[in-house]
Amino acid sequence: MADVRLTPLESELVRAFQQAKCSPPCWAKQFPPPIPLVGPAYVPGHGLMVYASAENLTWMRPAKQAGSSRGESFHGDTARVRHQHQYQNPELQDRRFFPDVGMAPVNNGGLLCAAWFVLHHCHGTAPSSPAELLRNMAVANWCKFAVNAGQNVDYAGDLRKLRSSVRLVEIELAVLRPKILIMPKTILRHGEVGEAMRGASPETRIVGVVQFNATVVNTHLDQPEFNAGAAELRSRYASTPLAAWMSKLRRVNRDHAWRFLAHLAEELRPAR
């Protein structure tokens, strides 16, 4: 096991994942599936959880990982806690505003800004720093395995591959029981996936959203309703920490990124 400080819930998840014996399928890179990063103040039944999509391990080439701080989190069963392993590594956090947890949409800030927005939208208050936010939430990739290919393959639309992760998702939802869960709607659209998740944590409100990346915010969300919503939200939150966080997003057009929050606001509206 990695020499990291695990929260009690993370320790419970490690044991549960080990007992499940869900080995990587033949099409995947042969690393143990990772547990979520769970903040020490996360409370089952009350906490917020955010799922990104699939594991992206294209950087795991021998020349790149040899002796690297990131590569150290992939040795043996350490891989099960690699998100916490990377989060606690000071070499990976040096001068970062958004912490490195080994998931691009979190590292770059998009899903952390979305999490802040959800908490403020639902409770009227939210943490002032990313570190404080991560103390109270859980983050993970929904897809627990990475396709063994020379480039990143996002298989959110491939139900056959998604099935390899369902049992592990059920386990972590049964343990964490988030009050609100934000996740890619492409995955949630698969009926049997949504049914399994709701069965594992019946009280969780699951909110499906498009994925946060440059193509989505620059192109897919370039629609009149989201442009108008983005302008309104930018004005409304101008004096809050959210505005400062949005100004520090990486690898995405920061102006266009407000479209994602406008889309998220629509998804959070009660069903009519």
# chains A, B, ... in the order shown; residues from 1 in each chain; ligands from 1
>>> residues_around(residues="A:Asp222", least_positions_apart="3", cutoff="12 Å", atoms="only C-alpha atoms", output="CSV table (one decimal) with N, CA and C atoms, in the first residue's frame")
chain,number,residue,atom,x,y,z
A,214,ALA,N,-12.2,21.6,-23.8
A,214,ALA,CA,-12.1,22.8,-24.7
A,214,ALA,C,-13.1,22.7,-25.8
A,215,THR,N,-13.2,21.5,-26.4
A,215,THR,CA,-14.2,21.3,-27.5
A,215,THR,C,-15.6,21.6,-27.1
A,216,VAL,N,-16.0,21.1,-25.9
A,216,VAL,CA,-17.3,21.3,-25.5
A,216,VAL,C,-17.6,22.7,-25.2
A,217,VAL,N,-16.8,23.4,-24.5
A,217,VAL,CA,-17.1,24.8,-24.1
A,217,VAL,C,-16.9,25.8,-25.3
A,218,ASN,N,-16.0,25.4,-26.2
A,218,ASN,CA,-15.8,26.3,-27.4
A,218,ASN,C,-16.8,26.1,-28.5
A,219,THR,N,-17.3,24.9,-28.6
A,219,THR,CA,-18.1,24.5,-29.8
A,219,THR,C,-19.5,24.0,-29.4
A,225,GLU,N,-28.6,30.3,-25.7
A,225,GLU,CA,-29.1,30.2,-24.4
A,225,GLU,C,-27.9,30.1,-23.4
A,226,PHE,N,-26.9,29.4,-23.8
A,226,PHE,CA,-25.7,29.2,-22.9
A,226,PHE,C,-24.8,30.5,-22.9
A,227,ASN,N,-24.8,31.2,-24.0
A,227,ASN,CA,-24.0,32.4,-24.1
A,227,ASN,C,-24.7,33.5,-23.2
A,228,ALA,N,-26.0,33.5,-23.3
A,228,ALA,CA,-26.7,34.5,-22.4
A,228,ALA,C,-26.6,34.1,-20.9
A,229,GLY,N,-26.8,32.8,-20.7
A,229,GLY,CA,-26.6,32.3,-19.3
A,229,GLY,C,-25.2,32.6,-18.7
A,230,ALA,N,-24.2,32.4,-19.6
A,230,ALA,CA,-22.8,32.6,-19.1
A,230,ALA,C,-22.6,34.1,-18.7
A,255,ASP,N,-13.3,32.6,-20.9
A,255,ASP,CA,-14.6,33.2,-21.1
A,255,ASP,C,-15.6,32.2,-21.5
A,256,HIS,N,-15.3,31.3,-22.4
A,256,HIS,CA,-16.2,30.3,-22.9
A,256,HIS,C,-16.6,29.3,-21.8
A,257,ALA,N,-15.7,29.1,-20.8
A,257,ALA,CA,-16.0,28.1,-19.7
A,257,ALA,C,-17.2,28.5,-18.9
A,258,TRP,N,-17.6,29.7,-18.9
A,258,TRP,CA,-18.9,30.1,-18.2
A,258,TRP,C,-20.1,29.4,-18.8
A,259,ARG,N,-20.0,29.1,-20.1
A,259,ARG,CA,-21.1,28.4,-20.8
A,259,ARG,C,-21.4,27.1,-20.1
A,260,PHE,N,-20.3,26.4,-19.6
A,260,PHE,CA,-20.5,25.1,-18.9
A,260,PHE,C,-21.3,25.3,-17.7
A,262,ALA,N,-23.5,27.7,-17.2
A,262,ALA,CA,-24.9,27.9,-17.6
A,262,ALA,C,-25.6,26.6,-17.9
A,263,HIS,N,-24.9,25.7,-18.6
A,263,HIS,CA,-25.5,24.4,-18.9
A,263,HIS,C,-25.7,23.6,-17.6
>>> residues_around(residues="A:Met49", least_positions_apart="2", cutoff="10 Å", atoms="only C-alpha atoms", output="PDB file with N, CA and C atoms, in the first residue's frame")
ATOM      1  N   PRO A  36     -11.883   6.471  -5.399  1.00  0.00           N
ATOM      2  CA  PRO A  36     -12.016   7.929  -5.466  1.00  0.00           C
ATOM      3  C   PRO A  36     -11.105   8.632  -4.459  1.00  0.00           C
ATOM      4  N   LEU A  37     -10.834   9.895  -4.716  1.00  0.00           N
ATOM      5  CA  LEU A  37     -10.247  10.776  -3.716  1.00  0.00           C
ATOM      6  C   LEU A  37     -11.389  11.254  -2.840  1.00  0.00           C
ATOM      7  N   VAL A  38     -11.321  10.978  -1.544  1.00  0.00           N
ATOM      8  CA  VAL A  38     -12.404  11.332  -0.616  1.00  0.00           C
ATOM      9  C   VAL A  38     -11.851  12.259   0.454  1.00  0.00           C
ATOM     10  N   TYR A  42     -15.649  14.679   4.284  1.00  0.00           N
ATOM     11  CA  TYR A  42     -16.800  14.181   3.515  1.00  0.00           C
ATOM     12  C   TYR A  42     -17.716  13.353   4.426  1.00  0.00           C
ATOM     13  N   HIS A  46     -24.544  13.207   2.789  1.00  0.00           N
ATOM     14  CA  HIS A  46     -24.607  14.670   2.721  1.00  0.00           C
ATOM     15  C   HIS A  46     -23.615  15.271   1.728  1.00  0.00           C
ATOM     16  N   GLY A  47     -22.602  14.522   1.341  1.00  0.00           N
ATOM     17  CA  GLY A  47     -21.513  15.078   0.545  1.00  0.00           C
ATOM     18  C   GLY A  47     -21.814  15.194  -0.933  1.00  0.00           C
ATOM     19  N   TYR A  51     -17.954  12.961 -10.806  1.00  0.00           N
ATOM     20  CA  TYR A  51     -17.287  12.006 -11.674  1.00  0.00           C
ATOM     21  C   TYR A  51     -16.792  12.697 -12.934  1.00  0.00           C
ATOM     22  N   ALA A 115     -18.086  22.127  -9.046  1.00  0.00           N
ATOM     23  CA  ALA A 115     -18.452  21.690  -7.700  1.00  0.00           C
ATOM     24  C   ALA A 115     -18.763  22.889  -6.809  1.00  0.00           C
ATOM     25  N   ASN A 136     -14.187  18.365   1.529  1.00  0.00           N
ATOM     26  CA  ASN A 136     -15.597  18.072   1.779  1.00  0.00           C
ATOM     27  C   ASN A 136     -16.284  17.300   0.659  1.00  0.00           C
ATOM     28  N   MET A 137     -15.530  16.856  -0.334  1.00  0.00           N
ATOM     29  CA  MET A 137     -16.167  16.196  -1.473  1.00  0.00           C
ATOM     30  C   MET A 137     -15.383  14.963  -1.889  1.00  0.00           C
ATOM     31  N   ALA A 138     -15.906  14.261  -2.876  1.00  0.00           N
ATOM     32  CA  ALA A 138     -15.235  13.096  -3.449  1.00  0.00           C
ATOM     33  C   ALA A 138     -15.176  13.273  -4.955  1.00  0.00           C
ATOM     34  N   VAL A 139     -14.052  12.882  -5.547  1.00  0.00           N
ATOM     35  CA  VAL A 139     -13.902  12.961  -7.001  1.00  0.00           C
ATOM     36  C   VAL A 139     -13.322  11.649  -7.510  1.00  0.00           C
ATOM     37  N   ALA A 140     -13.727  11.284  -8.718  1.00  0.00           N
ATOM     38  CA  ALA A 140     -13.249  10.038  -9.312  1.00  0.00           C
ATOM     39  C   ALA A 140     -13.533  10.053 -10.802  1.00  0.00           C
ATOM     40  N   LEU A 173     -20.464   4.004  -4.549  1.00  0.00           N
ATOM     41  CA  LEU A 173     -21.690   4.746  -4.254  1.00  0.00           C
ATOM     42  C   LEU A 173     -22.362   4.216  -2.985  1.00  0.00           C
ATOM     43  N   LEU A 176     -20.178   5.757  -0.178  1.00  0.00           N
ATOM     44  CA  LEU A 176     -20.144   7.225  -0.077  1.00  0.00           C
ATOM     45  C   LEU A 176     -21.529   7.855  -0.031  1.00  0.00           C
ATOM     46  N   ARG A 177     -22.513   7.245  -0.633  1.00  0.00           N
ATOM     47  CA  ARG A 177     -23.897   7.733  -0.636  1.00  0.00           C
ATOM     48  C   ARG A 177     -23.971   9.270  -0.783  1.00  0.00           C
ATOM     49  N   PRO A 178     -23.440   9.815  -1.879  1.00  0.00           N
ATOM     50  CA  PRO A 178     -23.456  11.275  -2.030  1.00  0.00           C
ATOM     51  C   PRO A 178     -24.875  11.827  -2.082  1.00  0.00           C
ATOM     52  N   LYS A 179     -25.042  13.023  -1.542  1.00  0.00           N
ATOM     53  CA  LYS A 179     -26.340  13.682  -1.640  1.00  0.00           C
ATOM     54  C   LYS A 179     -26.597  14.148  -3.061  1.00  0.00           C
ATOM     55  N   ILE A 180     -25.534  14.690  -3.687  1.00  0.00           N
ATOM     56  CA  ILE A 180     -25.599  15.110  -5.080  1.00  0.00           C
ATOM     57  C   ILE A 180     -24.408  14.519  -5.806  1.00  0.00           C
ATOM     58  N   LEU A 181     -24.653  13.992  -6.997  1.00  0.00           N
ATOM     59  CA  LEU A 181     -23.609  13.412  -7.826  1.00  0.00           C
ATOM     60  C   LEU A 181     -23.667  14.058  -9.204  1.00  0.00           C
ATOM     61  N   ILE A 182     -22.562  14.676  -9.621  1.00  0.00           N
ATOM     62  CA  ILE A 182     -22.453  15.264 -10.951  1.00  0.00           C
ATOM     63  C   ILE A 182     -21.615  14.328 -11.806  1.00  0.00           C
ATOM     64  N   MET A 183     -22.085  13.985 -13.002  1.00  0.00           N
ATOM     65  CA  MET A 183     -21.371  13.018 -13.827  1.00  0.00           C
ATOM     66  C   MET A 183     -21.663  13.232 -15.304  1.00  0.00           C
ATOM     67  N   THR A 204     -29.452   9.424  -3.675  1.00  0.00           N
ATOM     68  CA  THR A 204     -28.567  10.360  -4.371  1.00  0.00           C
ATOM     69  C   THR A 204     -29.292  11.045  -5.526  1.00  0.00           C
ATOM     70  N   ILE A 206     -28.736  12.426  -8.938  1.00  0.00           N
ATOM     71  CA  ILE A 206     -27.732  12.297  -9.986  1.00  0.00           C
ATOM     72  C   ILE A 206     -28.011  13.330 -11.076  1.00  0.00           C
TER      73      ILE A 206
END
>>> closest_residue(among="A:Arg5, A:Lys29, A:Arg234, A:His121", to="A:Lys144", atoms="only C-alpha atoms")
A:Lys29
>>> select_by_dssp(residues="stretch 94-215 of chain A", states="strand (DSSP E)", output="VMD selection string")
chain A and resid 137 to 143 180 to 184 205 to 209
>>> closest_residue(among="A:Val169, A:Ala200, A:Ala131, A:Leu6", to="A:Trp116", atoms="only C-alpha atoms")
A:Ala131
>>> residues_around(residues="A:Ser73", least_positions_apart="3", cutoff="10 Å", atoms="only C-alpha atoms", output="list in words")
Ala2, Asp3, Ser68, Ser69, Arg70, Gly76, Asp77, Thr78, Ala79, Arg80, Val81, Arg82, His83, Gln84, His85, Gln86, Asn89 and Gly102 of chain A
>>> residues_around(residues="stretch 151-156 of chain A", least_positions_apart="6", cutoff="6 Å", atoms="only C-alpha atoms", output="ChimeraX atom specification")
/A:54,56,58,186-187
>>> select_by_dssp(residues="stretch 55-267 of chain A", states="alpha helix (DSSP H)", output="PyMOL selection string")
chain A and resi 62-65+82-87+90-93+104-107+110-123+130-135+159-176+185-188+191-200+214-215+224-236+241-246+257-267
>>> write_last_selection(atoms="C-alpha atoms", output="short mmCIF file (atom, residue, chain, number, x, y, z; two decimals), in the first residue's frame")
data_model
loop_
_atom_site.label_atom_id
_atom_site.label_comp_id
_atom_site.auth_asym_id
_atom_site.auth_seq_id
_atom_site.Cartn_x
_atom_site.Cartn_y
_atom_site.Cartn_z
CA PRO A 62 8.47 4.09 -19.85
CA ALA A 63 10.52 7.11 -20.92
CA LYS A 64 8.08 9.49 -19.27
CA GLN A 65 7.28 7.64 -16.08
CA ARG A 82 -3.06 7.00 -6.84
CA HIS A 83 -5.38 10.03 -6.72
CA GLN A 84 -4.64 10.52 -3.01
CA HIS A 85 -1.00 9.59 -3.63
CA GLN A 86 -0.65 12.41 -6.17
CA TYR A 87 -2.66 14.87 -4.08
CA PRO A 90 4.35 18.16 -2.71
CA GLU A 91 6.34 17.89 -5.94
CA LEU A 92 3.10 17.68 -7.91
CA GLN A 93 1.42 20.53 -6.04
CA ALA A 104 -7.38 16.41 -16.08
CA PRO A 105 -10.80 18.10 -15.63
CA VAL A 106 -10.03 18.43 -11.90
CA ASN A 107 -6.37 19.40 -12.30
CA GLY A 110 -13.16 22.88 -14.53
CA LEU A 111 -14.84 20.29 -12.32
CA LEU A 112 -13.76 22.07 -9.15
CA CYS A 113 -15.41 25.28 -10.36
CA ALA A 114 -18.48 23.21 -11.20
CA ALA A 115 -18.45 21.69 -7.70
CA TRP A 116 -18.20 25.15 -6.11
CA PHE A 117 -21.12 26.30 -8.23
CA VAL A 118 -23.27 23.32 -7.24
CA LEU A 119 -22.62 23.85 -3.54
CA HIS A 120 -23.39 27.56 -3.75
CA HIS A 121 -26.47 26.92 -5.90
CA CYS A 122 -27.86 24.36 -3.45
CA HIS A 123 -26.72 25.80 -0.11
CA PRO A 130 -9.83 24.39 -3.79
CA ALA A 131 -8.12 22.62 -0.89
CA GLU A 132 -11.05 23.38 1.40
CA LEU A 133 -13.46 22.22 -1.29
CA LEU A 134 -11.64 18.91 -1.68
CA ARG A 135 -11.83 18.32 2.07
CA LEU A 159 -21.72 0.19 -22.96
CA ARG A 160 -19.71 -3.02 -23.39
CA LYS A 161 -16.61 -1.39 -21.92
CA LEU A 162 -18.57 0.54 -19.29
CA ARG A 163 -19.88 -2.72 -17.85
CA SER A 164 -16.39 -3.51 -16.56
CA SER A 165 -16.67 -0.58 -14.14
CA VAL A 166 -20.28 -0.91 -12.99
CA ARG A 167 -19.59 -3.17 -10.00
CA LEU A 168 -16.89 -0.83 -8.69
CA VAL A 169 -19.11 2.22 -9.15
CA GLU A 170 -21.85 0.43 -7.21
CA ILE A 171 -19.39 -0.26 -4.38
CA GLU A 172 -18.17 3.31 -4.06
CA LEU A 173 -21.69 4.75 -4.25
CA ALA A 174 -22.92 2.35 -1.57
CA VAL A 175 -20.08 3.48 0.70
CA LEU A 176 -20.14 7.22 -0.08
CA LYS A 185 -24.55 12.43 -19.11
CA THR A 186 -23.16 10.28 -21.94
CA ILE A 187 -22.56 7.55 -19.36
CA LEU A 188 -25.80 8.16 -17.47
CA GLY A 191 -30.32 2.72 -18.89
CA GLU A 192 -28.70 -0.20 -17.09
CA VAL A 193 -25.92 2.05 -15.81
CA GLY A 194 -28.32 4.57 -14.29
CA GLU A 195 -30.41 1.75 -12.81
CA ALA A 196 -27.37 0.17 -11.15
CA MET A 197 -26.24 3.49 -9.69
CA ARG A 198 -29.66 4.36 -8.29
CA GLY A 199 -29.90 0.90 -6.80
CA ALA A 200 -26.57 1.37 -5.03
CA ALA A 214 -12.14 22.79 -24.66
CA THR A 215 -14.15 21.29 -27.52
CA PRO A 224 -27.60 31.51 -27.61
CA GLU A 225 -29.10 30.24 -24.36
CA PHE A 226 -25.72 29.24 -22.91
CA ASN A 227 -24.02 32.43 -24.07
CA ALA A 228 -26.73 34.50 -22.40
CA GLY A 229 -26.62 32.34 -19.29
CA ALA A 230 -22.84 32.60 -19.15
CA ALA A 231 -22.97 36.41 -19.25
CA GLU A 232 -25.59 36.49 -16.50
CA LEU A 233 -23.65 34.11 -14.24
CA ARG A 234 -20.40 35.95 -14.78
CA SER A 235 -22.04 39.17 -13.61
CA ARG A 236 -23.84 37.54 -10.68
CA PRO A 241 -14.36 33.17 -5.17
CA LEU A 242 -15.86 31.52 -8.25
CA ALA A 243 -14.84 34.44 -10.45
CA ALA A 244 -11.24 34.19 -9.24
CA TRP A 245 -11.24 30.43 -9.73
CA MET A 246 -12.62 30.74 -13.27
CA ALA A 257 -15.98 28.14 -19.73
CA TRP A 258 -18.86 30.09 -18.18
CA ARG A 259 -21.08 28.39 -20.77
CA PHE A 260 -20.49 25.12 -18.92
CA LEU A 261 -21.82 26.63 -15.70
CA ALA A 262 -24.86 27.95 -17.58
CA HIS A 263 -25.45 24.40 -18.85
CA LEU A 264 -24.96 23.03 -15.33
CA ALA A 265 -27.47 25.54 -13.96
CA GLU A 266 -30.05 24.26 -16.44
CA GLU A 267 -29.43 20.66 -15.41
#
>>> atom_distance(atom1="atom CA of A:Val147", atom2="atom CA of A:Leu13")
23.2 Å
